[in-house]
file target.txt (compact mmCIF, C-alpha atoms)
# COMPACT_ATOMS: atom_id res chain seq x y z
CA VAL N 120 121.58 206.97 54.28
CA HIS N 121 118.22 208.42 53.46
CA LEU N 122 116.08 206.40 51.04
CA THR N 123 113.73 208.27 48.75
CA PRO N 124 111.86 207.33 45.59
CA LEU N 125 114.50 209.27 43.63
CA HIS N 126 117.34 207.34 45.32
CA PRO N 127 116.08 203.75 45.76
CA PRO N 128 118.23 201.15 47.50
CA PRO N 129 120.26 198.80 45.33
CA LYS N 130 118.25 195.88 43.92
CA VAL N 131 118.89 192.74 45.99
CA CYS N 132 115.93 190.60 45.05
CA HIS N 133 113.62 189.77 42.15
CA CYS N 134 110.60 191.78 43.32
CA ASN N 135 109.90 195.48 43.75
CA CYS N 136 109.47 195.41 47.52
CA LEU N 137 112.38 197.73 48.20
CA LEU N 138 111.14 200.23 45.62
CA GLU N 139 107.84 200.74 47.41
CA THR N 140 107.38 203.85 49.47
CA LEU N 141 108.91 203.68 52.91
CA ASP N 142 105.54 204.15 54.62
CA ASN N 143 103.98 201.06 53.01
CA ARG N 144 106.88 198.67 53.61
CA LEU N 145 106.63 196.09 56.36
CA ASP N 146 109.65 194.55 58.02
CA ASP N 147 108.41 191.02 57.18
CA THR N 148 108.23 191.89 53.50
CA VAL N 149 111.78 193.19 53.49
CA ASN N 150 113.03 190.10 55.35
CA ASP N 151 111.22 187.81 52.93
CA CYS N 152 112.77 189.63 49.98
CA LEU N 153 116.25 189.52 51.45
CA GLY N 154 116.51 185.76 51.17
CA TRP N 155 114.33 183.87 53.63
CA GLY N 156 111.05 183.79 51.76
CA ASP N 157 108.95 180.70 51.28
CA THR N 158 111.28 179.35 48.60
CA MET N 159 114.33 179.46 50.84
CA LYS N 160 112.43 177.95 53.75
CA ALA N 161 111.23 175.07 51.55
CA ALA N 162 114.73 174.56 50.14
CA SER N 163 116.18 174.48 53.66
CA CYS N 164 113.59 171.91 54.77
CA PHE N 165 114.40 169.69 51.77
CA LEU N 166 118.11 170.00 52.48
CA VAL N 167 117.67 169.00 56.12
CA LEU N 168 115.38 166.09 55.18
CA SER N 169 117.89 164.89 52.57
CA VAL N 170 120.71 164.93 55.10
CA VAL N 171 118.57 163.02 57.62
CA PHE N 172 117.57 160.35 55.08
CA VAL N 173 121.14 159.91 53.82
CA ALA N 174 122.44 159.58 57.38
CA PHE N 175 119.68 157.06 58.21
CA ASP N 176 120.52 155.06 55.08
CA MET N 177 124.25 155.10 55.82
CA PHE N 178 123.71 154.01 59.43
CA TYR N 179 121.22 151.19 58.76
CA LYS N 180 122.44 150.28 55.23
CA VAL N 181 118.84 150.07 54.02
CA ASP N 182 119.75 150.14 50.33
CA TYR N 183 122.28 147.32 50.74
CA ILE N 184 119.83 145.08 52.60
CA VAL N 185 117.04 145.69 50.09
CA GLU N 186 119.34 145.07 47.13
CA MET N 187 120.66 141.88 48.73
CA LYS N 188 117.12 140.61 49.35
CA ILE N 189 116.14 141.33 45.74
CA ASP N 190 119.23 139.47 44.47
CA ILE N 191 118.53 136.45 46.67
CA ALA N 192 114.85 136.44 45.69
CA THR N 193 115.88 136.44 42.03
CA GLU N 194 118.30 133.57 42.63
CA LEU N 195 115.63 131.60 44.50
CA THR N 196 113.13 132.15 41.69
CA SER N 197 115.64 131.06 39.07
CA MET N 198 116.63 128.01 41.08
CA GLY N 199 112.97 127.12 41.65
CA TRP N 200 112.25 127.17 37.92
CA GLU N 201 115.38 125.08 37.26
CA PHE N 202 114.18 122.55 39.81
CA ALA N 203 110.64 122.54 38.36
CA ALA N 204 112.01 121.86 34.87
CA LEU N 205 114.89 119.65 36.08
CA THR N 206 117.41 121.76 34.16
CA GLY N 207 120.60 123.60 35.13
CA ASP N 208 121.93 122.26 38.44
CA PHE N 209 119.17 119.63 38.54
CA LYS N 210 119.49 118.11 35.07
CA GLU N 211 121.31 115.07 36.46
CA TYR N 212 118.21 113.99 38.42
CA PRO N 213 115.49 112.06 36.55
CA THR N 214 112.76 112.89 39.12
CA HIS N 215 111.94 115.68 41.50
CA GLN N 216 112.09 113.34 44.49
CA GLU N 217 115.72 112.53 43.77
CA GLY N 218 116.72 116.18 43.24
CA PHE N 219 114.79 117.61 46.18
CA GLU N 220 117.59 117.12 48.72
CA LYS N 221 119.97 119.20 46.59
CA PHE N 222 117.23 121.80 46.00
CA ALA N 223 116.53 122.08 49.75
CA HIS N 224 120.24 122.37 50.53
CA MET N 225 120.80 125.08 47.90
CA THR N 226 117.75 126.96 49.20
CA GLU N 227 119.10 126.89 52.74
CA VAL N 228 122.51 128.10 51.53
CA LEU N 229 120.89 131.05 49.74
CA LEU N 230 118.80 131.92 52.79
CA GLY N 231 121.98 131.73 54.87
CA LYS N 232 123.29 134.76 52.94
CA LEU N 233 120.60 136.95 54.51
CA PRO N 234 121.33 138.67 57.81
CA ALA N 235 119.65 136.72 60.60
CA GLU N 236 117.72 139.74 61.89
CA THR N 237 115.89 140.07 58.54
CA LEU N 238 114.47 136.55 58.57
CA PRO N 239 110.97 136.00 59.96
CA TYR N 240 112.11 132.91 61.89
CA ASP N 241 115.14 131.56 63.73
CA TYR N 242 117.49 130.35 61.03
CA ILE N 243 119.94 127.56 61.64
CA ALA N 244 122.51 127.27 58.87
CA PRO N 245 122.88 123.80 57.38
CA GLU N 246 126.07 121.98 58.11
CA GLU N 247 128.35 121.29 55.20
CA PRO N 248 129.15 117.59 54.78
CA ASP N 249 132.64 116.65 55.88
CA PRO N 250 134.55 115.49 52.78
CA LYS N 251 136.97 113.48 54.95
CA ALA N 252 134.18 111.48 56.54
CA ALA N 253 133.69 108.04 55.11
CA ALA N 254 130.72 107.66 52.81
CA PRO N 255 128.07 105.24 54.04
CA LYS N 256 128.60 101.77 52.63
CA ALA N 257 125.90 100.32 50.43
CA LYS N 258 124.56 96.93 51.47
call {"tool": "encode", "arguments": {"input": "target.txt", "output": "structure tokens"}}
result
Amino acid sequence: VHLTPLHPPPKVCHCNCLLETLDNRLDDTVNDCLGWGDTMKAASCFLVLSVVFVAFDMFYKVDYIVEMKIDIATELTSMGWEFAALTGDFKEYPTHQEGFEKFAHMTEVLLGKLPAETLPYDYIAPEEPDPKAAAPKAK
């Protein structure tokens, strides 16, 4: 097929690169116009980056860990304010000294929900009291 200005090739892109005279056309210009211009290269890079980030997130469950930490931080904050005001779970205690043991235990239980590798220290989960064990006798 012989291309001339009177018989231009069919339009395949948004620019006039294929309508230029054959002497002035460069192969790179034609290749850019046929689909792999800067826009397509950028779109391909974003697609690859998106796939990499989604795979990373699925493998390491980053969103789940972050969401869990935010939920636990919110619970700790709420429980701390309840303890400071002696309301909610701590309303049965007249002083902070009497309610501190329950506060410390509840804090440890909440921290026990976090994966051990996310804590900045070695965490040892508190032992639950045995309900079958005899209560200490008062003197």
call {"tool": "atom_distance", "arguments": {"input": "target.txt", "atom1": "CA of Val171 (chain N)", "atom2": "CA of Ile184 (chain N)"}}
result
18.7 Å
call {"tool": "closest_residue", "arguments": {"input": "target.txt", "among": "N:Val173, N:Met225, N:Val181, N:Val167", "to": "Gly199 (chain N)", "atoms": "only C-alpha atoms"}}
result
N:Met225
call {"tool": "residues_around", "arguments": {"input": "target.txt", "residues": "Glu201 (chain N)", "least_positions_apart": "2", "cutoff": "12 Å", "atoms": "only C-alpha atoms", "output": "VMD selection string"}}
result
chain N and resid 194 to 199 203 to 212 215 218 to 219 221 to 222 225
call {"tool": "atom_distance", "arguments": {"input": "target.txt", "atom1": "CA of Asp190 (chain N)", "atom2": "CA of Val228 (chain N)"}}
result
13.8 Å
call {"tool": "atom_distance", "arguments": {"input": "target.txt", "atom1": "CA of Gln216 (chain N)", "atom2": "CA of Leu233 (chain N)"}}
result
27.0 Å
